>>> print(open('target28.pdb').read())   # PDB, C-alpha atoms, pLDDT in the B column
ATOM      1  CA  MET Z 242     153.007  32.342  31.434  1.00 46.00           C
ATOM      2  CA  GLY Z 243     151.685  29.732  29.060  1.00 50.00           C
ATOM      3  CA  ALA Z 244     149.237  29.946  26.210  1.00 51.00           C
ATOM      4  CA  PRO Z 245     145.762  31.336  26.986  1.00 47.00           C
ATOM      5  CA  VAL Z 246     143.249  28.717  28.033  1.00 44.00           C
ATOM      6  CA  ASN Z 247     139.837  28.561  26.403  1.00 43.00           C
ATOM      7  CA  ILE Z 248     137.453  28.625  29.370  1.00 43.00           C
ATOM      8  CA  VAL Z 249     134.299  28.096  27.309  1.00 45.00           C
ATOM      9  CA  SER Z 250     134.027  24.711  25.634  1.00 46.00           C
ATOM     10  CA  GLU Z 251     133.005  24.204  22.015  1.00 47.00           C
ATOM     11  CA  GLN Z 252     129.738  22.565  23.062  1.00 52.00           C
ATOM     12  CA  ALA Z 253     128.763  25.444  25.336  1.00 59.00           C
ATOM     13  CA  THR Z 254     128.693  28.002  22.522  1.00 71.00           C
ATOM     14  CA  PRO Z 255     127.615  26.707  19.125  1.00 77.00           C
ATOM     15  CA  THR Z 256     129.156  28.447  16.143  1.00 84.00           C
ATOM     16  CA  LEU Z 257     127.141  30.938  14.123  1.00 89.00           C
ATOM     17  CA  GLU Z 258     127.237  30.206  10.407  1.00 91.00           C
ATOM     18  CA  ILE Z 259     126.120  33.007   8.106  1.00 92.00           C
ATOM     19  CA  LEU Z 260     123.493  32.073   5.504  1.00 92.00           C
ATOM     20  CA  LYS Z 261     124.527  33.361   2.098  1.00 92.00           C
ATOM     21  CA  ASN Z 262     122.669  31.269  -0.467  1.00 93.00           C
ATOM     22  CA  ARG Z 263     119.263  32.341  -1.717  1.00 94.00           C
ATOM     23  CA  SER Z 264     117.998  28.783  -1.309  1.00 92.00           C
ATOM     24  CA  ASP Z 265     118.693  28.923   2.451  1.00 91.00           C
ATOM     25  CA  PHE Z 266     116.677  32.133   2.755  1.00 92.00           C
ATOM     26  CA  LEU Z 267     113.812  30.657   0.716  1.00 92.00           C
ATOM     27  CA  ARG Z 268     113.668  27.522   2.876  1.00 91.00           C
ATOM     28  CA  ALA Z 269     113.553  29.684   6.011  1.00 89.00           C
ATOM     29  CA  SER Z 270     110.784  31.833   4.520  1.00 91.00           C
ATOM     30  CA  ARG Z 271     108.555  28.762   4.186  1.00 92.00           C
ATOM     31  CA  ALA Z 272     109.002  27.928   7.875  1.00 91.00           C
ATOM     32  CA  HIS Z 273     107.710  29.598  11.039  1.00 92.00           C
ATOM     33  CA  TRP Z 274     107.589  33.380  11.540  1.00 94.00           C
ATOM     34  CA  VAL Z 275     107.534  35.650  14.576  1.00 95.00           C
ATOM     35  CA  ARG Z 276     107.090  39.401  14.160  1.00 95.00           C
ATOM     36  CA  PHE Z 277     108.226  42.171  16.484  1.00 96.00           C
ATOM     37  CA  PRO Z 278     108.140  45.966  16.128  1.00 95.00           C
ATOM     38  CA  ALA Z 279     111.845  46.192  15.229  1.00 94.00           C
ATOM     39  CA  PHE Z 280     112.303  43.029  13.136  1.00 96.00           C
ATOM     40  CA  SER Z 281     110.800  39.768  11.955  1.00 96.00           C
ATOM     41  CA  LEU Z 282     112.297  36.385  12.729  1.00 96.00           C
ATOM     42  CA  GLN Z 283     112.055  33.277  10.569  1.00 95.00           C
ATOM     43  CA  GLY Z 284     113.304  29.921  11.769  1.00 94.00           C
ATOM     44  CA  ARG Z 285     113.434  26.316  10.694  1.00 93.00           C
ATOM     45  CA  LYS Z 286     115.009  23.086  11.828  1.00 92.00           C
ATOM     46  CA  ARG Z 287     117.426  21.771   9.209  1.00 89.00           C
ATOM     47  CA  SER Z 288     116.953  18.290   7.817  1.00 88.00           C
ATOM     48  CA  PRO Z 289     119.551  15.681   8.849  1.00 86.00           C
ATOM     49  CA  ASP Z 290     120.992  15.454   5.322  1.00 88.00           C
ATOM     50  CA  GLU Z 291     122.054  19.126   5.258  1.00 83.00           C
ATOM     51  CA  PRO Z 292     125.811  19.406   5.807  1.00 80.00           C
ATOM     52  CA  ARG Z 293     126.005  22.381   8.185  1.00 77.00           C
ATOM     53  CA  THR Z 294     126.281  22.049  11.930  1.00 79.00           C
ATOM     54  CA  GLY Z 295     125.895  24.845  14.417  1.00 87.00           C
ATOM     55  CA  ILE Z 296     123.435  27.717  14.147  1.00 92.00           C
ATOM     56  CA  GLY Z 297     122.704  29.205  10.724  1.00 93.00           C
ATOM     57  CA  VAL Z 298     121.784  32.887  10.700  1.00 96.00           C
ATOM     58  CA  GLY Z 299     120.980  35.303   7.880  1.00 95.00           C
ATOM     59  CA  PHE Z 300     120.130  38.996   7.754  1.00 96.00           C
ATOM     60  CA  THR Z 301     118.146  40.971   5.235  1.00 95.00           C
ATOM     61  CA  CYS Z 302     116.582  44.395   4.833  1.00 94.00           C
ATOM     62  CA  SER Z 303     114.458  45.473   1.885  1.00 92.00           C
ATOM     63  CA  ARG Z 304     114.634  48.879   0.247  1.00 94.00           C
ATOM     64  CA  LYS Z 305     111.625  49.886   2.335  1.00 93.00           C
ATOM     65  CA  VAL Z 306     114.033  50.193   5.283  1.00 93.00           C
ATOM     66  CA  GLY Z 307     115.767  53.076   3.523  1.00 91.00           C
ATOM     67  CA  ASN Z 308     118.805  53.872   1.449  1.00 93.00           C
ATOM     68  CA  ALA Z 309     121.990  51.778   1.562  1.00 94.00           C
ATOM     69  CA  VAL Z 310     123.277  53.562   4.660  1.00 93.00           C
ATOM     70  CA  ALA Z 311     120.049  52.883   6.598  1.00 92.00           C
ATOM     71  CA  ARG Z 312     119.907  49.247   5.451  1.00 94.00           C
ATOM     72  CA  ASN Z 313     123.526  48.630   6.446  1.00 94.00           C
ATOM     73  CA  ARG Z 314     122.986  50.236   9.856  1.00 94.00           C
ATOM     74  CA  ALA Z 315     119.914  48.061  10.423  1.00 94.00           C
ATOM     75  CA  LYS Z 316     121.800  44.911   9.400  1.00 95.00           C
ATOM     76  CA  ARG Z 317     124.730  45.806  11.690  1.00 95.00           C
ATOM     77  CA  ARG Z 318     122.325  46.083  14.613  1.00 95.00           C
ATOM     78  CA  LEU Z 319     120.663  42.772  13.715  1.00 96.00           C
ATOM     79  CA  ARG Z 320     124.071  41.067  13.453  1.00 95.00           C
ATOM     80  CA  GLU Z 321     125.064  42.322  16.897  1.00 96.00           C
ATOM     81  CA  VAL Z 322     121.762  41.265  18.477  1.00 96.00           C
ATOM     82  CA  ALA Z 323     122.206  37.801  16.943  1.00 95.00           C
ATOM     83  CA  ARG Z 324     125.849  37.580  18.047  1.00 95.00           C
ATOM     84  CA  LEU Z 325     124.894  38.335  21.648  1.00 95.00           C
ATOM     85  CA  THR Z 326     121.682  36.288  21.858  1.00 95.00           C
ATOM     86  CA  LEU Z 327     121.838  33.238  19.564  1.00 94.00           C
ATOM     87  CA  PRO Z 328     124.722  31.359  21.233  1.00 93.00           C
ATOM     88  CA  GLN Z 329     122.718  31.187  24.474  1.00 92.00           C
ATOM     89  CA  THR Z 330     119.152  30.723  23.187  1.00 93.00           C
ATOM     90  CA  GLY Z 331     119.513  29.417  19.627  1.00 92.00           C
ATOM     91  CA  ARG Z 332     119.724  25.732  18.790  1.00 91.00           C
ATOM     92  CA  SER Z 333     122.297  23.889  16.737  1.00 90.00           C
ATOM     93  CA  GLY Z 334     120.786  22.441  13.583  1.00 89.00           C
ATOM     94  CA  TRP Z 335     118.491  25.436  13.057  1.00 92.00           C
ATOM     95  CA  ASP Z 336     118.515  28.279  10.536  1.00 94.00           C
ATOM     96  CA  TYR Z 337     117.276  31.731  11.550  1.00 96.00           C
ATOM     97  CA  VAL Z 338     116.711  34.799   9.368  1.00 96.00           C
ATOM     98  CA  LEU Z 339     116.337  38.262  10.891  1.00 97.00           C
ATOM     99  CA  ILE Z 340     114.516  40.764   8.689  1.00 96.00           C
ATOM    100  CA  GLY Z 341     114.810  44.486   9.319  1.00 95.00           C
ATOM    101  CA  ARG Z 342     111.637  46.561   9.419  1.00 94.00           C
ATOM    102  CA  ALA Z 343     111.175  50.006   7.924  1.00 92.00           C
ATOM    103  CA  GLY Z 344     111.623  52.880  10.339  1.00 87.00           C
ATOM    104  CA  ALA Z 345     112.174  50.641  13.350  1.00 91.00           C
ATOM    105  CA  THR Z 346     115.275  48.455  13.198  1.00 91.00           C
ATOM    106  CA  ALA Z 347     117.793  51.293  13.087  1.00 90.00           C
ATOM    107  CA  THR Z 348     116.170  53.248  15.926  1.00 91.00           C
ATOM    108  CA  ALA Z 349     114.709  50.608  18.262  1.00 93.00           C
ATOM    109  CA  ASP Z 350     116.023  50.122  21.784  1.00 95.00           C
ATOM    110  CA  PHE Z 351     118.875  47.616  21.589  1.00 95.00           C
ATOM    111  CA  LYS Z 352     118.061  45.824  24.862  1.00 96.00           C
ATOM    112  CA  GLN Z 353     114.445  45.443  23.755  1.00 96.00           C
ATOM    113  CA  MET Z 354     115.635  43.917  20.474  1.00 96.00           C
ATOM    114  CA  GLN Z 355     117.684  41.373  22.444  1.00 96.00           C
ATOM    115  CA  LEU Z 356     114.688  40.492  24.622  1.00 96.00           C
ATOM    116  CA  ASP Z 357     112.440  40.224  21.563  1.00 96.00           C
ATOM    117  CA  LEU Z 358     114.882  37.861  19.859  1.00 96.00           C
ATOM    118  CA  ALA Z 359     115.045  35.629  22.940  1.00 96.00           C
ATOM    119  CA  LYS Z 360     111.215  35.567  23.147  1.00 96.00           C
ATOM    120  CA  GLY Z 361     110.955  34.899  19.422  1.00 95.00           C
ATOM    121  CA  LEU Z 362     113.347  31.964  19.606  1.00 95.00           C
ATOM    122  CA  ALA Z 363     111.322  30.455  22.449  1.00 94.00           C
ATOM    123  CA  LYS Z 364     108.129  30.833  20.384  1.00 94.00           C
ATOM    124  CA  LEU Z 365     109.719  29.258  17.293  1.00 92.00           C
ATOM    125  CA  HIS Z 366     111.046  26.318  19.262  1.00 91.00           C
ATOM    126  CA  ALA Z 367     107.647  25.814  20.934  1.00 91.00           C
ATOM    127  CA  LYS Z 368     105.877  25.757  17.532  1.00 83.00           C
ATOM    128  CA  THR Z 369     107.971  22.852  16.286  1.00 76.00           C
ATOM    129  CA  LYS Z 370     107.446  20.481  19.212  1.00 67.00           C
TER
END
>>> encode(input="target28.pdb", output="structure tokens")
Amino acid sequence: MGAPVNIVSEQATPTLEILKNRSDFLRASRAHWVRFPAFSLQGRKRSPDEPRTGIGVGFTCSRKVGNAVARNRAKRRLREVARLTLPQTGRSGWDYVLIGRAGATATADFKQMQLDLAKGLAKLHAKTK
């Protein structure tokens, strides 16, 4: 047997790049918003002079979500929803920020969160046409 073959090409699944700088979060906050019961979604198309390629994604939860354990659980769920949904419905050259909501992100139905993210991405992309 030879080496494993990568069936999915690089172009088929854009890479997810985690947003870490405050300036990236601030730029996304000035862009378009979509709110759902379990989370809020911010998105913006990056300017051509920004160095990143692929899909930028960031996660945040305020203290209103709960203590550190609750915030981390909410962010883990948001990361997994993004990991499963963004490669198919997100666009390269865009930054997205998922914001956890108090009392909802940690307990919301996971499938519904995935559907909400897909709907939210469609709404964001429609707003920028």
>>> closest_residue(input="target28.pdb", among="Z:Val310, Z:Thr326, Z:Lys286, Z:Gly299", to="Lys352 (chain Z)", atoms="all atoms listed in the file")
Z:Thr326
>>> closest_residue(input="target28.pdb", among="Z:Asn262, Z:Ser303, Z:Thr256, Z:Thr330", to="Gly344 (chain Z)", atoms="all atoms listed in the file")
Z:Ser303
>>> resolve_selection(input="target28.pdb", expression="the PyMOL selection byres ((chain Z and resi 340) around 8)", output="number ranges by chain")
Z: 280-282, 300-302, 338-339, 341-342
>>> atom_distance(input="target28.pdb", atom1="CA of Gly297 (chain Z)", atom2="CA of Asp350 (chain Z)")
24.6 Å
>>> atom_distance(input="target28.pdb", atom1="CA of Gly284 (chain Z)", atom2="CA of Thr348 (chain Z)")
23.9 Å
>>> atom_distance(input="target28.pdb", atom1="CA of Trp274 (chain Z)", atom2="CA of Ala309 (chain Z)")
25.4 Å
>>> resolve_selection(input="target28.pdb", expression="the PyMOL selection byres ((chain Z and resi 333) around 6)", output="list in words")
Gly295, Ile296, Arg332, Gly334 and Trp335 of chain Z
>>> resolve_selection(input="target28.pdb", expression="the PyMOL selection byres ((chain Z and resi 366) around 12)", output="VMD selection string")
chain Z and resid 272 to 275 283 to 286 330 to 337 359 to 365 367 to 370
>>> closest_residue(input="target28.pdb", among="Z:Phe351, Z:Lys261, Z:Pro255, Z:Ala269", to="Arg317 (chain Z)", atoms="all atoms listed in the file")
Z:Phe351
>>> closest_residue(input="target28.pdb", among="Z:Arg287, Z:Met354, Z:Ser270, Z:Gly307", to="Glu321 (chain Z)", atoms="only C-alpha atoms")
Z:Met354
>>> build_atoms(input="target28.pdb", residues="region 254-283 of chain Z", atoms="N, CA and C atoms", output="PDB file, keeping the file's coordinate frame")
ATOM      1  N   THR Z 254     129.086  26.930  23.434  1.00 71.00           N
ATOM      2  CA  THR Z 254     128.693  28.002  22.522  1.00 71.00           C
ATOM      3  C   THR Z 254     128.752  27.494  21.089  1.00 71.00           C
ATOM      4  N   PRO Z 255     127.616  27.164  20.509  1.00 77.00           N
ATOM      5  CA  PRO Z 255     127.615  26.707  19.125  1.00 77.00           C
ATOM      6  C   PRO Z 255     128.057  27.829  18.184  1.00 77.00           C
ATOM      7  N   THR Z 256     128.674  27.447  17.088  1.00 84.00           N
ATOM      8  CA  THR Z 256     129.156  28.447  16.143  1.00 84.00           C
ATOM      9  C   THR Z 256     128.000  29.013  15.334  1.00 84.00           C
ATOM     10  N   LEU Z 257     128.117  30.291  14.994  1.00 89.00           N
ATOM     11  CA  LEU Z 257     127.141  30.938  14.123  1.00 89.00           C
ATOM     12  C   LEU Z 257     127.664  30.862  12.701  1.00 89.00           C
ATOM     13  N   GLU Z 258     126.870  30.304  11.817  1.00 91.00           N
ATOM     14  CA  GLU Z 258     127.237  30.206  10.407  1.00 91.00           C
ATOM     15  C   GLU Z 258     126.317  31.124   9.620  1.00 91.00           C
ATOM     16  N   ILE Z 259     126.892  32.020   8.845  1.00 92.00           N
ATOM     17  CA  ILE Z 259     126.120  33.007   8.106  1.00 92.00           C
ATOM     18  C   ILE Z 259     125.495  32.359   6.871  1.00 92.00           C
ATOM     19  N   LEU Z 260     124.188  32.552   6.699  1.00 92.00           N
ATOM     20  CA  LEU Z 260     123.493  32.073   5.504  1.00 92.00           C
ATOM     21  C   LEU Z 260     123.781  33.041   4.367  1.00 92.00           C
ATOM     22  N   LYS Z 261     124.201  32.509   3.233  1.00 92.00           N
ATOM     23  CA  LYS Z 261     124.527  33.361   2.098  1.00 92.00           C
ATOM     24  C   LYS Z 261     123.777  32.976   0.829  1.00 92.00           C
ATOM     25  N   ASN Z 262     123.337  31.734   0.746  1.00 93.00           N
ATOM     26  CA  ASN Z 262     122.669  31.269  -0.467  1.00 93.00           C
ATOM     27  C   ASN Z 262     121.187  31.615  -0.448  1.00 93.00           C
ATOM     28  N   ARG Z 263     120.680  32.000  -1.597  1.00 94.00           N
ATOM     29  CA  ARG Z 263     119.263  32.341  -1.717  1.00 94.00           C
ATOM     30  C   ARG Z 263     118.380  31.173  -1.311  1.00 94.00           C
ATOM     31  N   SER Z 264     118.805  29.960  -1.636  1.00 92.00           N
ATOM     32  CA  SER Z 264     117.998  28.783  -1.309  1.00 92.00           C
ATOM     33  C   SER Z 264     117.814  28.627   0.204  1.00 92.00           C
ATOM     34  N   ASP Z 265     118.826  28.988   0.993  1.00 91.00           N
ATOM     35  CA  ASP Z 265     118.693  28.923   2.451  1.00 91.00           C
ATOM     36  C   ASP Z 265     117.649  29.912   2.949  1.00 91.00           C
ATOM     37  N   PHE Z 266     117.655  31.118   2.370  1.00 92.00           N
ATOM     38  CA  PHE Z 266     116.677  32.133   2.755  1.00 92.00           C
ATOM     39  C   PHE Z 266     115.262  31.709   2.351  1.00 92.00           C
ATOM     40  N   LEU Z 267     115.130  31.103   1.173  1.00 92.00           N
ATOM     41  CA  LEU Z 267     113.812  30.657   0.716  1.00 92.00           C
ATOM     42  C   LEU Z 267     113.263  29.535   1.592  1.00 92.00           C
ATOM     43  N   ARG Z 268     114.120  28.604   1.986  1.00 91.00           N
ATOM     44  CA  ARG Z 268     113.668  27.522   2.876  1.00 91.00           C
ATOM     45  C   ARG Z 268     113.213  28.085   4.220  1.00 91.00           C
ATOM     46  N   ALA Z 269     113.941  29.067   4.731  1.00 89.00           N
ATOM     47  CA  ALA Z 269     113.553  29.684   6.011  1.00 89.00           C
ATOM     48  C   ALA Z 269     112.241  30.450   5.870  1.00 89.00           C
ATOM     49  N   SER Z 270     112.009  31.043   4.700  1.00 91.00           N
ATOM     50  CA  SER Z 270     110.784  31.833   4.520  1.00 91.00           C
ATOM     51  C   SER Z 270     109.538  30.955   4.507  1.00 91.00           C
ATOM     52  N   ARG Z 271     109.701  29.674   4.189  1.00 92.00           N
ATOM     53  CA  ARG Z 271     108.555  28.762   4.186  1.00 92.00           C
ATOM     54  C   ARG Z 271     108.305  28.150   5.567  1.00 92.00           C
ATOM     55  N   ALA Z 272     109.129  28.493   6.524  1.00 91.00           N
ATOM     56  CA  ALA Z 272     109.002  27.928   7.875  1.00 91.00           C
ATOM     57  C   ALA Z 272     108.225  28.884   8.779  1.00 91.00           C
ATOM     58  N   HIS Z 273     108.456  28.806  10.058  1.00 92.00           N
ATOM     59  CA  HIS Z 273     107.710  29.598  11.039  1.00 92.00           C
ATOM     60  C   HIS Z 273     108.224  31.033  11.122  1.00 92.00           C
ATOM     61  N   TRP Z 274     107.300  31.955  11.419  1.00 94.00           N
ATOM     62  CA  TRP Z 274     107.589  33.380  11.540  1.00 94.00           C
ATOM     63  C   TRP Z 274     107.197  33.878  12.923  1.00 94.00           C
ATOM     64  N   VAL Z 275     107.927  34.883  13.396  1.00 95.00           N
ATOM     65  CA  VAL Z 275     107.534  35.650  14.576  1.00 95.00           C
ATOM     66  C   VAL Z 275     107.851  37.097  14.247  1.00 95.00           C
ATOM     67  N   ARG Z 276     106.886  37.989  14.490  1.00 95.00           N
ATOM     68  CA  ARG Z 276     107.090  39.401  14.160  1.00 95.00           C
ATOM     69  C   ARG Z 276     107.167  40.238  15.427  1.00 95.00           C
ATOM     70  N   PHE Z 277     108.056  41.210  15.403  1.00 96.00           N
ATOM     71  CA  PHE Z 277     108.226  42.171  16.484  1.00 96.00           C
ATOM     72  C   PHE Z 277     108.267  43.559  15.877  1.00 96.00           C
ATOM     73  N   PRO Z 278     108.124  44.611  16.696  1.00 95.00           N
ATOM     74  CA  PRO Z 278     108.140  45.966  16.128  1.00 95.00           C
ATOM     75  C   PRO Z 278     109.426  46.301  15.370  1.00 95.00           C
ATOM     76  N   ALA Z 279     110.571  45.813  15.839  1.00 94.00           N
ATOM     77  CA  ALA Z 279     111.845  46.192  15.229  1.00 94.00           C
ATOM     78  C   ALA Z 279     112.314  45.243  14.131  1.00 94.00           C
ATOM     79  N   PHE Z 280     111.847  43.997  14.135  1.00 96.00           N
ATOM     80  CA  PHE Z 280     112.303  43.029  13.136  1.00 96.00           C
ATOM     81  C   PHE Z 280     111.352  41.846  13.096  1.00 96.00           C
ATOM     82  N   SER Z 281     111.512  41.042  12.057  1.00 96.00           N
ATOM     83  CA  SER Z 281     110.800  39.768  11.955  1.00 96.00           C
ATOM     84  C   SER Z 281     111.830  38.656  12.047  1.00 96.00           C
ATOM     85  N   LEU Z 282     111.410  37.524  12.561  1.00 96.00           N
ATOM     86  CA  LEU Z 282     112.297  36.385  12.729  1.00 96.00           C
ATOM     87  C   LEU Z 282     111.683  35.176  12.043  1.00 96.00           C
ATOM     88  N   GLN Z 283     112.463  34.526  11.202  1.00 95.00           N
ATOM     89  CA  GLN Z 283     112.055  33.277  10.569  1.00 95.00           C
ATOM     90  C   GLN Z 283     112.980  32.191  11.098  1.00 95.00           C
TER      91      GLN Z 283
END
